[in-house]
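Here's input38.txt, which has compact mmCIF, C-alpha atoms and all ligand atoms:
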# COMPACT_ATOMS: atom_id res chain seq x y z
CA MET A 365 88.32 151.68 133.47
CA SER A 366 90.01 148.44 132.82
CA ILE A 367 88.10 145.15 133.09
CA LYS A 368 89.89 141.96 134.07
CA VAL A 369 88.77 138.32 134.06
CA GLY A 370 88.44 136.80 137.53
CA ARG A 371 88.95 133.18 138.57
CA TRP A 372 87.22 130.67 140.86
CA ASP A 373 88.24 127.31 142.35
CA CYS A 374 86.08 124.19 142.10
CA PRO A 375 85.15 122.79 145.55
CA VAL A 376 84.13 119.44 144.06
CA CYS A 377 87.33 118.34 142.28
CA GLY A 378 89.73 120.98 143.54
CA HIS A 379 90.52 122.36 140.08
CA LYS A 380 92.05 125.82 140.43
CA ALA A 381 91.50 129.01 138.47
CA ASN A 382 88.40 128.31 136.43
CA LEU A 383 87.69 131.39 134.27
CA GLY A 384 85.34 133.74 136.16
CA PRO A 385 82.47 133.89 133.63
CA GLU A 386 82.42 130.06 133.16
CA LYS A 387 79.38 128.39 134.79
CA GLN A 388 80.92 124.89 134.91
CA CYS A 389 84.21 123.56 136.17
CA ALA A 390 86.61 123.02 133.27
CA SER A 391 87.82 119.77 134.85
CA CYS A 392 84.76 117.96 136.30
CA GLY A 393 81.85 119.90 134.86
CA SER A 394 80.28 120.70 138.26
CA ALA A 395 78.16 123.89 138.37
CA ARG A 396 79.78 127.10 139.67
CA PRO A 397 79.02 126.76 143.41
CA GLN A 398 76.75 128.95 145.55
CA ASN A 399 78.79 131.50 147.50
CA VAL A 400 81.49 131.29 144.88
CA LYS A 401 84.57 133.34 145.68
CA PHE A 402 85.88 135.20 142.64
CA TYR A 403 89.47 136.37 142.78
CA LEU A 404 91.97 138.15 140.57
CA ALA A 405 95.15 136.36 139.60
CA SER A 406 98.24 138.58 139.83
CA ASP A 407 98.78 138.25 136.07
CA ALA A 408 95.10 138.80 135.12
CA GLU A 409 94.96 140.26 131.63
CA ILE A 410 93.07 143.40 130.78
CA VAL A 411 90.05 142.67 128.52
CA LYS A 412 90.23 144.56 125.22
CA ASP A 413 87.25 143.01 123.37
CA GLU A 414 84.36 145.50 123.30
CA SER A 415 81.62 142.82 123.42
CA ILE A 416 83.18 141.13 126.45
CA ILE A 417 83.50 144.49 128.17
CA ARG A 418 79.79 145.14 127.48
CA GLN A 419 78.96 141.71 128.92
CA ALA A 420 81.08 142.35 132.00
CA LYS A 421 79.40 145.68 132.63
CA ALA A 422 75.88 144.35 131.99
CA GLY A 423 75.45 143.39 135.64
CA ALA A 424 75.77 140.59 138.20
CA ASP A 425 74.70 137.04 137.45
CA TRP A 426 71.40 135.74 138.87
CA VAL A 427 70.58 132.52 140.69
CA CYS A 428 67.87 130.17 139.51
CA SER A 429 65.27 129.80 142.29
CA TYR A 430 64.66 126.19 141.28
CA CYS A 431 68.09 124.61 140.63
CA ASN A 432 70.42 127.29 142.12
CA SER A 433 72.62 127.53 139.04
CA HIS A 434 74.11 130.86 137.96
CA ASN A 435 72.86 132.67 134.87
CA LYS A 436 73.98 135.83 133.02
CA VAL A 437 72.02 138.98 133.67
CA ASN A 438 70.55 139.13 130.16
CA GLU A 439 69.32 135.53 130.15
CA THR A 440 65.57 135.35 130.82
CA HIS A 441 65.47 131.62 131.56
CA CYS A 442 67.81 129.33 133.51
CA HIS A 443 70.35 127.79 131.12
CA THR A 444 70.31 124.55 133.13
CA CYS A 445 66.64 123.83 133.87
CA GLY A 446 64.76 126.43 131.83
CA ASN A 447 63.05 127.94 134.89
CA ASP A 448 61.82 131.54 134.58
CA LYS A 449 64.13 134.30 135.89
CA SER A 450 62.61 134.86 139.37
CA VAL A 451 65.34 135.38 141.89
CA LYS A 452 64.12 134.67 145.43
CA ASP A 453 66.93 134.15 147.93
CA GLY A 454 69.73 135.26 145.71
CA ASP A 455 73.41 134.42 146.17
CA LYS A 456 75.47 136.88 148.21
CA SER A 457 78.58 136.01 146.23
CA LEU A 458 77.00 137.59 143.14
CA GLU A 459 76.50 141.01 144.75
CA GLN A 460 78.72 143.72 143.36
CA LYS A 461 81.32 144.75 145.92
CA ILE A 462 84.54 146.74 146.04
CA ASN A 463 87.74 145.31 147.48
CA TYR A 464 89.96 148.26 148.40
CA THR A 465 93.65 147.56 148.23
CA ASP A 466 94.45 150.07 150.99
CA GLY A 467 92.55 148.20 153.73
CA ARG A 468 89.25 150.11 153.58
CA ASN A 469 86.03 148.17 153.32
CA GLU A 470 83.16 149.07 151.02
CA ASN A 471 81.16 150.75 153.79
CA SER A 472 83.88 153.30 154.32
CA LYS A 473 84.25 154.27 150.66
CA ASN A 474 82.65 157.65 151.34
CA ALA A 475 84.80 158.25 154.40
CA SER A 476 87.89 160.40 154.23
CA GLN A 477 90.52 159.40 151.72
CA ASN A 478 93.22 159.31 154.32
CA SER A 479 92.31 155.94 155.78
CA LYS A 480 93.37 155.47 159.34
CA ILE A 481 95.92 152.96 160.55
CA ASN A 482 94.31 149.73 161.67
CA VAL A 483 95.27 149.57 165.34
CA SER A 484 94.85 145.82 165.66
CA LYS A 485 97.57 145.36 163.03
CA LEU A 486 100.20 147.23 165.07
CA PRO A 487 102.75 145.00 166.79
CA LYS A 488 102.23 144.54 170.50
CA VAL A 489 105.04 145.10 172.99
CA GLN A 490 106.12 141.77 174.33
CA ILE A 491 107.53 141.40 177.84
CA SER A 492 109.67 138.33 178.27
CA LYS A 493 109.11 135.87 181.12
CA LYS A 494 112.59 136.55 182.48
CA MET A 495 111.87 140.29 182.75
CA LYS A 496 108.55 139.61 184.54
CA VAL A 497 110.25 137.39 187.14
CA GLY A 498 112.99 140.00 187.64
CA CYS A 499 110.47 142.83 188.15
CA LEU A 500 108.39 140.82 190.63
CA GLY A 501 111.55 139.91 192.57
CA THR A 502 112.62 143.57 192.90
CA ILE A 503 109.12 144.71 193.92
CA GLY A 504 108.93 141.92 196.51
CA PHE A 505 112.26 142.93 198.02
CA LEU A 506 111.24 146.61 198.29
CA VAL A 507 107.89 145.69 199.92
CA LEU A 508 109.77 143.57 202.49
CA LEU A 509 112.23 146.38 203.21
CA PHE A 510 109.50 148.99 203.75
CA THR A 511 107.30 146.77 205.91
CA SER A 512 110.26 145.84 208.10
CA LEU A 513 110.96 149.57 208.67
CA PHE A 514 107.37 149.94 209.94
CA PHE A 515 107.90 147.44 212.74
CA THR A 516 108.91 149.62 215.67
CA SER A 517 109.50 149.11 219.34
CA GLN A 518 109.09 151.67 222.14
CA ILE A 519 112.11 152.60 224.19
CA GLU A 520 112.73 154.90 227.14
CA VAL A 521 115.10 157.87 226.77
CA GLU A 522 116.44 160.31 229.37
CA VAL A 523 116.46 164.13 229.15
CA SER A 524 119.99 165.47 229.69
CA SER A 525 119.85 169.20 228.76
CA PHE A 526 117.94 172.02 227.08
CA GLU A 527 118.43 174.52 224.24
CA TRP A 528 116.40 177.42 222.85
CA LYS A 529 116.51 179.96 220.00
CA ARG A 530 114.50 183.15 219.63
CA SER A 531 114.58 185.90 216.99
CA LEU A 532 112.78 189.19 216.27
CA LYS A 533 112.40 190.93 212.91
CA VAL A 534 112.35 194.68 213.48
CA GLU A 535 111.15 197.55 211.23
CA LYS A 536 111.86 201.27 211.41
CA TYR A 537 109.73 204.14 210.14
CA ILE A 538 112.19 206.15 208.04
CA GLU A 539 112.15 208.76 205.32
CA VAL A 540 112.99 207.41 201.85
CA VAL A 541 113.17 208.91 198.34
CA GLU A 542 111.03 207.39 195.58
CA GLU A 543 110.03 208.13 191.99
CA ASN A 544 106.59 207.59 190.50
CA TRP A 545 104.01 209.01 188.09
CA GLN A 546 101.98 210.32 191.03
CA ILE A 547 102.93 211.42 194.53
CA PRO A 548 101.18 209.17 197.06
CA GLN A 549 99.51 210.59 200.15
CA GLY A 550 102.10 211.78 202.67
CA GLY A 551 104.79 212.28 200.04
CA LYS A 552 106.70 215.56 199.72
CA GLN A 553 107.74 216.58 196.18
CA ILE A 554 111.46 217.11 195.61
CA SER A 555 111.44 217.58 191.80
CA SER A 556 109.67 216.57 188.60
CA PHE A 557 110.96 215.59 185.17
CA GLU A 558 109.83 214.10 181.84
CA ALA A 559 110.39 210.35 181.41
CA VAL A 560 109.42 207.61 178.95
CA HIS A 561 106.12 206.18 180.16
CA HIS A 562 105.57 203.61 177.37
CA TYR A 563 106.17 203.05 173.62
CA ASN A 564 103.57 203.24 170.83
CA LYS A 565 103.94 200.96 167.80
CA ILE A 566 103.70 203.14 164.69
CA PRO A 567 103.37 201.51 161.20
CA ASP A 568 106.50 202.45 159.27
CA GLY A 569 106.39 201.11 155.70
CA THR A 570 106.43 197.51 154.58
CA GLU A 571 109.00 194.81 154.07
CA THR A 572 108.96 192.15 151.30
CA LYS A 573 109.24 188.63 152.69
CA THR A 574 108.99 185.13 151.22
CA ARG A 575 107.19 182.06 152.49
CA THR A 576 106.60 178.51 151.28
CA VAL A 577 103.01 177.55 150.51
CA SER A 578 101.47 174.27 149.36
CA VAL A 579 99.40 174.73 146.19
CA GLN A 580 97.22 172.15 144.44
CA THR A 581 98.66 171.94 140.91
CA GLY A 582 96.53 169.09 139.62
CA SER A 583 95.20 165.66 140.44
CA GLU A 584 96.03 162.08 139.58
CA ARG A 585 93.89 158.99 139.13
CA VAL A 586 94.91 156.22 141.46
CA VAL A 587 93.70 152.60 141.44
CA VAL A 588 92.39 152.03 144.97
CA GLY A 589 90.74 148.65 144.51
CA GLN A 590 88.78 146.25 142.34
CA LYS A 591 85.03 145.96 142.00
CA ASP A 592 83.79 142.37 141.92
CA LEU A 593 81.08 142.60 139.27
CA GLY A 594 79.40 139.39 140.48
CA ASN A 595 79.69 137.72 137.08
CA GLY A 596 83.30 136.61 137.05
CA TYR A 597 84.74 139.94 135.93
CA PHE A 598 86.52 142.64 137.94
CA GLU A 599 86.76 146.35 137.27
CA ASP A 600 89.43 148.71 138.59
CA VAL A 601 88.19 151.38 141.04
CA TYR A 602 89.80 154.80 140.74
CA GLU A 603 90.01 157.82 142.94
CA ASP A 604 91.12 161.32 142.06
CA ARG A 605 93.81 162.52 144.42
CA PRO A 606 95.08 166.11 144.53
CA ILE A 607 98.73 166.78 143.77
CA TYR A 608 100.35 169.50 145.85
CA THR A 609 103.47 171.43 145.00
CA GLU A 610 105.51 173.57 147.33
CA LYS A 611 105.89 177.10 146.08
CA GLU A 612 107.78 180.17 147.25
CA GLU A 613 105.67 183.31 147.36
CA THR A 614 106.43 186.85 148.36
CA TYR A 615 104.24 189.03 150.54
CA GLU A 616 104.37 192.45 152.15
CA GLU A 617 104.64 192.69 155.92
CA THR A 618 104.06 195.91 157.80
CA LYS A 619 107.08 197.21 159.73
CA TYR A 620 106.69 199.09 162.99
CA ARG A 621 108.84 201.58 164.85
CA GLU A 622 108.61 202.25 168.55
CA GLU A 623 107.77 205.82 169.49
CA PRO A 624 108.30 206.86 173.11
CA VAL A 625 105.47 208.57 175.01
CA TYR A 626 106.67 210.97 177.74
CA LYS A 627 104.90 211.84 180.99
CA THR A 628 105.79 213.84 184.06
CA LYS A 629 107.49 211.78 186.78
CA TYR A 630 107.94 212.94 190.36
CA LYS A 631 110.75 212.53 192.84
CA TYR A 632 109.47 212.73 196.42
CA SER A 633 110.30 211.83 199.98
CA ILE A 634 107.98 209.71 202.10
CA PHE A 635 108.03 207.81 205.41
CA ARG A 636 107.90 204.00 205.05
CA TRP A 637 108.31 200.99 207.39
CA LYS A 638 111.61 199.37 206.31
CA ASP A 639 113.41 196.24 207.57
CA ALA A 640 115.86 197.15 210.31
CA GLY A 641 117.38 193.75 210.92
CA THR A 642 116.91 190.52 212.86
CA PHE A 643 117.79 190.31 216.54
CA ALA A 644 118.52 186.76 217.72
CA THR A 645 119.12 185.22 221.12
CA LYS A 646 119.90 181.62 222.13
CA GLY A 647 120.88 179.60 225.16
CA LYS A 648 121.56 176.17 226.62
CA ASP A 649 119.43 176.65 229.70
CA LYS A 650 115.74 177.07 230.53
CA LYS A 651 115.68 180.91 230.69
CA PRO A 652 114.68 182.11 227.23
CA TYR A 653 114.39 185.87 226.54
CA TRP A 654 113.83 188.20 223.58
CA SER A 655 116.62 190.52 222.41
CA GLU A 656 116.55 194.09 223.70
CA LYS A 657 119.33 195.37 221.46
CA PHE A 658 116.95 197.83 219.78
CA ASP A 659 115.07 200.81 221.12
CA SER A 660 111.64 199.31 221.92
CA THR A 661 110.41 202.61 223.37
CA ASN A 662 110.88 204.46 220.05
CA VAL A 663 107.48 204.90 218.31
CA ASN A 664 109.31 204.73 214.96
CA THR A 665 110.37 201.13 215.68
CA ARG A 666 108.15 198.04 215.66
CA ILE A 667 108.42 194.24 215.72
CA LYS A 668 107.42 192.71 212.40
CA SER A 669 107.57 189.02 213.40
CA LYS A 670 108.76 186.66 216.15
CA LYS A 671 110.21 183.17 215.86
CA ALA A 672 111.14 180.70 218.59
CA SER A 673 112.33 177.05 218.78
CA TYR A 674 112.76 174.89 221.90
CA PHE A 675 114.86 171.72 222.07
CA ILE A 676 115.64 168.93 224.51
CA ILE A 677 118.79 166.85 224.33
CA ILE A 678 118.17 163.18 225.13
CA ASN A 679 120.42 160.22 225.75
CA GLU A 680 119.56 156.88 224.19
CA GLY A 681 122.25 154.38 225.09
CA LYS A 682 125.51 155.85 223.70
CA GLU A 683 123.71 158.15 221.23
CA THR A 684 122.39 161.63 221.91
CA HIS A 685 119.53 163.20 219.95
CA LYS A 686 118.35 166.80 219.75
CA GLU A 687 114.55 167.10 219.46
CA GLU A 688 112.43 170.19 218.90
CA ILE A 689 109.30 170.16 221.08
CA SER A 690 106.45 172.54 221.92
CA PHE A 691 107.07 175.40 224.38
CA GLU A 692 104.44 173.99 226.83
CA LYS A 693 106.10 170.57 226.94
CA TRP A 694 109.60 172.13 227.09
CA GLN A 695 108.59 174.16 230.17
CA LYS A 696 107.18 171.11 231.99
CA THR A 697 110.21 168.89 231.32
CA THR A 698 113.18 168.69 233.71
CA ILE A 699 116.59 167.01 233.49
CA GLY A 700 116.41 163.27 234.22
CA ASP A 701 112.80 162.89 232.98
CA LYS A 702 112.12 159.63 231.15
CA LEU A 703 110.33 159.97 227.78
CA LYS A 704 109.02 157.40 225.32
CA ALA A 705 110.62 157.14 221.85
CA LYS A 706 110.28 154.89 218.78
CA LYS A 707 112.96 152.76 217.17
CA SER A 708 112.79 150.40 214.18
CA ARG A 709 112.86 146.78 215.37
CA PHE A 710 115.10 145.32 212.65
CA PHE A 711 117.69 148.00 211.85
CA GLY A 712 117.77 149.94 215.12
CA ILE A 713 117.03 153.31 213.46
CA TYR A 714 115.95 156.01 215.96
CA TYR A 715 112.57 157.50 214.89
CA GLY A 716 112.09 160.15 217.58
CA LEU A 717 109.82 160.88 220.55
CA VAL A 718 106.31 159.44 220.68
CA GLU A 719 104.88 162.84 221.83
CA LYS A 720 106.50 166.15 221.04
ZN ZN B 801 85.58 120.53 139.21
ZN ZN B 802 67.61 126.27 136.96

Would you kindly transcribe this structure into structure tokens?
Amino acid sequence: MSIKVGRWDCPVCGHKANLGPEKQCASCGSARPQNVKFYLASDAEIVKDESIIRQAKAGADWVCSYCNSHNKVNETHCHTCGNDKSVKDGDKSLEQKINYTDGRNENSKNASQNSKINVSKLPKVQISKKMKVGCLGTIGFLVLLFTSLFFTSQIEVEVSSFEWKRSLKVEKYIEVVEENWQIPQGGKQISSFEAVHHYNKIPDGTETKTRTVSVQTGSERVVVGQKDLGNGYFEDVYEDRPIYTEKEETYEETKYREEPVYKTKYKYSIFRWKDAGTFATKGKDKKPYWSEKFDSTNVNTRIKSKKASYFIIINEGKETHKEEISFEKWQKTTIGDKLKAKKSRFFGIYYGLVEK
């Protein structure tokens, strides 16, 4: 617990580094000021003298309630005016306080030892003016581009021909062979056999392995700050910090072997609905029909799903466009009909029919 002598600067004459315990400025003789700020010089010597150490540890100085001068803790009367020791308002600068060198303040001395990073001290990311102007310019251009694409004009287009596509997915009810742990309803057994159903993990001895562990092998005293004793002296503040060492250690780990568990499995035949293909038709007229290339009268055949698309081909100036529309609208439309379509005003991009 080393004690060091602090220093203070005289606000009256500007004299630097008066010795901490001195009550008067060495240059002009002015009294040590109220709210004095004690500090440690980088080359402050460690006090060896036992009586000075005792004096330093005796306690903070006190302030005379009459003349405000500073007095040592063991003095019973003011050394300047002789007033009785009766501290009233005190002097904050004489309170004992710890200045941590790792950025903590005294209030947090009981908090965790791993002090957190002070966020306000982290450098901020700076964006240059040039970059800002560049970004704004690019954003402005994109906004202009998109808004101009939204300006559309209506045009009239003429229907020139029709197209259609239809398709059927068909399923057939056929006999298939399957294997399983049980025969489902409707299945006819063909054979049975033993097969691996799953594996059990059986402990099978141990294996010696090594791992690295962190072990506390001691502790070290670290100076974490200085305590301002309020009388011109400072005392080092220590903390005990654990020392960890990485160590290899061996341990036993259980090994396992996989043991198969057998059960009876069955081979059986059963009737199932299975995909029997897609039957598609298409045309460039207005007479759509569904394919009949499968036996629709067979009870072992059924339609799983139907899909249909209907298109009109339209002329717009020199361009032609193929548009898919609803079946109802497709039926009502005839060649030569005029329909309304949208086009972008600035770039002439065709956007399609207004109603589909
Ligand atoms: Zn002075
Ligand atoms: Zn006094």

Exercise: residues within 8 Å of coordinate (106.6, 200.5, 167.6), counting all atoms listed in the file, as an MDAnalysis selection string: chainID A and resid 563:567 620:623

Residue nearest A:Gly647 - candidates A:Gly370, A:Glu527, A:Lys704, A:Thr574, atoms counted: all atoms listed in the file: A:Glu527

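Atom CA of A:Leu404 is positioned 10.2 Å from atom CA of A:Leu383.
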
Mind dumping a table of every chain A residue within 8 Å of ligand ZN 801 (chain B), with the nearest atom pair and its distance in Å to one decimal, using all atoms listed in the file, sorted by chain and rising number, as JSON lines?
{"residue": "A:Asp373", "atom": "CA", "partner": "B:ZN801", "partner_atom": "ZN", "distance": 7.9}
{"residue": "A:Cys374", "atom": "CA", "partner": "B:ZN801", "partner_atom": "ZN", "distance": 4.7}
{"residue": "A:Pro375", "atom": "CA", "partner": "B:ZN801", "partner_atom": "ZN", "distance": 6.7}
{"residue": "A:Val376", "atom": "CA", "partner": "B:ZN801", "partner_atom": "ZN", "distance": 5.2}
{"residue": "A:Cys377", "atom": "CA", "partner": "B:ZN801", "partner_atom": "ZN", "distance": 4.2}
{"residue": "A:Gly378", "atom": "CA", "partner": "B:ZN801", "partner_atom": "ZN", "distance": 6.0}
{"residue": "A:His379", "atom": "CA", "partner": "B:ZN801", "partner_atom": "ZN", "distance": 5.3}
{"residue": "A:Gln388", "atom": "CA", "partner": "B:ZN801", "partner_atom": "ZN", "distance": 7.7}
{"residue": "A:Cys389", "atom": "CA", "partner": "B:ZN801", "partner_atom": "ZN", "distance": 4.5}
{"residue": "A:Ala390", "atom": "CA", "partner": "B:ZN801", "partner_atom": "ZN", "distance": 6.5}
{"residue": "A:Ser391", "atom": "CA", "partner": "B:ZN801", "partner_atom": "ZN", "distance": 5.0}
{"residue": "A:Cys392", "atom": "CA", "partner": "B:ZN801", "partner_atom": "ZN", "distance": 4.0}
{"residue": "A:Gly393", "atom": "CA", "partner": "B:ZN801", "partner_atom": "ZN", "distance": 5.8}
{"residue": "A:Ser394", "atom": "CA", "partner": "B:ZN801", "partner_atom": "ZN", "distance": 5.4}

Proximity to ligand ZN 802 (chain B) - best of A:Ile416, A:Ala422, A:Cys445, A:Val369, only C-alpha atoms and all ligand atoms: A:Cys445

Ref. answer, residues at most 7 Å from (112.1, 156.7, 227.0) with all atoms listed in the file, as a PyMOL selection string: chain A and resi 519-522+702-705

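The smallest atom-to-atom distance between ligand ZN 802 (chain B) and any of A:Asn662, A:Ser517, A:Thr684, A:Ser450, using only C-alpha atoms and all ligand atoms, is found for A:Ser450.
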
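What separates atom CA of A:Gln398 from atom CA of A:Gly384 is a distance of 13.6 Å.
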
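Taking all atoms listed in the file into account, the protein and nucleic acid residues that come at most 10 Å from ligand ZN 802 (chain B) are A:Val427, A:Cys428, A:Ser429, A:Tyr430, A:Cys431, A:Asn432, A:Ser433, A:His434, A:Asn435, A:His441, A:Cys442, A:His443, A:Thr444, A:Cys445, A:Gly446, A:Asn447, A:Asp448, A:Lys449.
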
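Among the candidates A:Lys529, A:Lys591, A:Lys686, A:Lys668, the residue lying nearest to A:Lys421 is A:Lys591 (atoms considered: only C-alpha atoms).
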
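The list of residues with at least one atom within 8 Å of A:Thr618, based on all atoms listed in the file and without residues fewer than 2 positions apart in the same chain, reads Pro567, Asp568, Gly569, Thr570, Glu571, Glu616 and Tyr620 of chain A.
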
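Using only C-alpha atoms for every distance, the candidate list A:Gly712, A:Pro652, A:Gly681, A:Gly550 yields A:Pro652 as the residue closest to A:Phe526.
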
One-decimal distance in Å that lies between atom CA of A:Ile462 and atom CA of A:Gln580: 28.4 Å

Output requested as a tab-separated table (two decimals), keeping the file's coordinate frame - stretch 452-464 of chain A, filled out with N, CA and C atoms.
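Result saved to part03.tsv:
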chain	number	residue	atom	x	y	z
A	452	LYS	N	64.78	134.57	144.12
A	452	LYS	CA	64.12	134.67	145.43
A	452	LYS	C	65.12	134.96	146.54
A	453	ASP	N	65.98	133.96	146.83
A	453	ASP	CA	66.93	134.15	147.93
A	453	ASP	C	68.22	134.79	147.47
A	454	GLY	N	68.50	134.67	146.22
A	454	GLY	CA	69.73	135.26	145.71
A	454	GLY	C	70.97	134.51	146.16
A	455	ASP	N	72.13	135.00	145.79
A	455	ASP	CA	73.41	134.42	146.17
A	455	ASP	C	74.33	135.59	146.49
A	456	LYS	N	74.66	135.73	147.74
A	456	LYS	CA	75.47	136.88	148.21
A	456	LYS	C	76.74	137.04	147.38
A	457	SER	N	77.30	135.93	146.94
A	457	SER	CA	78.58	136.01	146.23
A	457	SER	C	78.44	136.75	144.90
A	458	LEU	N	77.20	136.91	144.42
A	458	LEU	CA	77.00	137.59	143.14
A	458	LEU	C	76.70	139.07	143.30
A	459	GLU	N	76.71	139.56	144.56
A	459	GLU	CA	76.50	141.01	144.75
A	459	GLU	C	77.75	141.75	144.33
A	460	GLN	N	77.56	142.93	143.75
A	460	GLN	CA	78.72	143.72	143.36
A	460	GLN	C	79.34	144.32	144.62
A	461	LYS	N	80.64	144.22	144.73
A	461	LYS	CA	81.32	144.75	145.92
A	461	LYS	C	82.73	145.21	145.56
A	462	ILE	N	83.21	146.19	146.34
A	462	ILE	CA	84.54	146.74	146.04
A	462	ILE	C	85.53	146.23	147.07
A	463	ASN	N	86.65	145.69	146.58
A	463	ASN	CA	87.74	145.31	147.48
A	463	ASN	C	88.82	146.38	147.38
A	464	TYR	N	88.93	147.21	148.42
A	464	TYR	CA	89.96	148.26	148.40
A	464	TYR	C	91.31	147.67	148.71
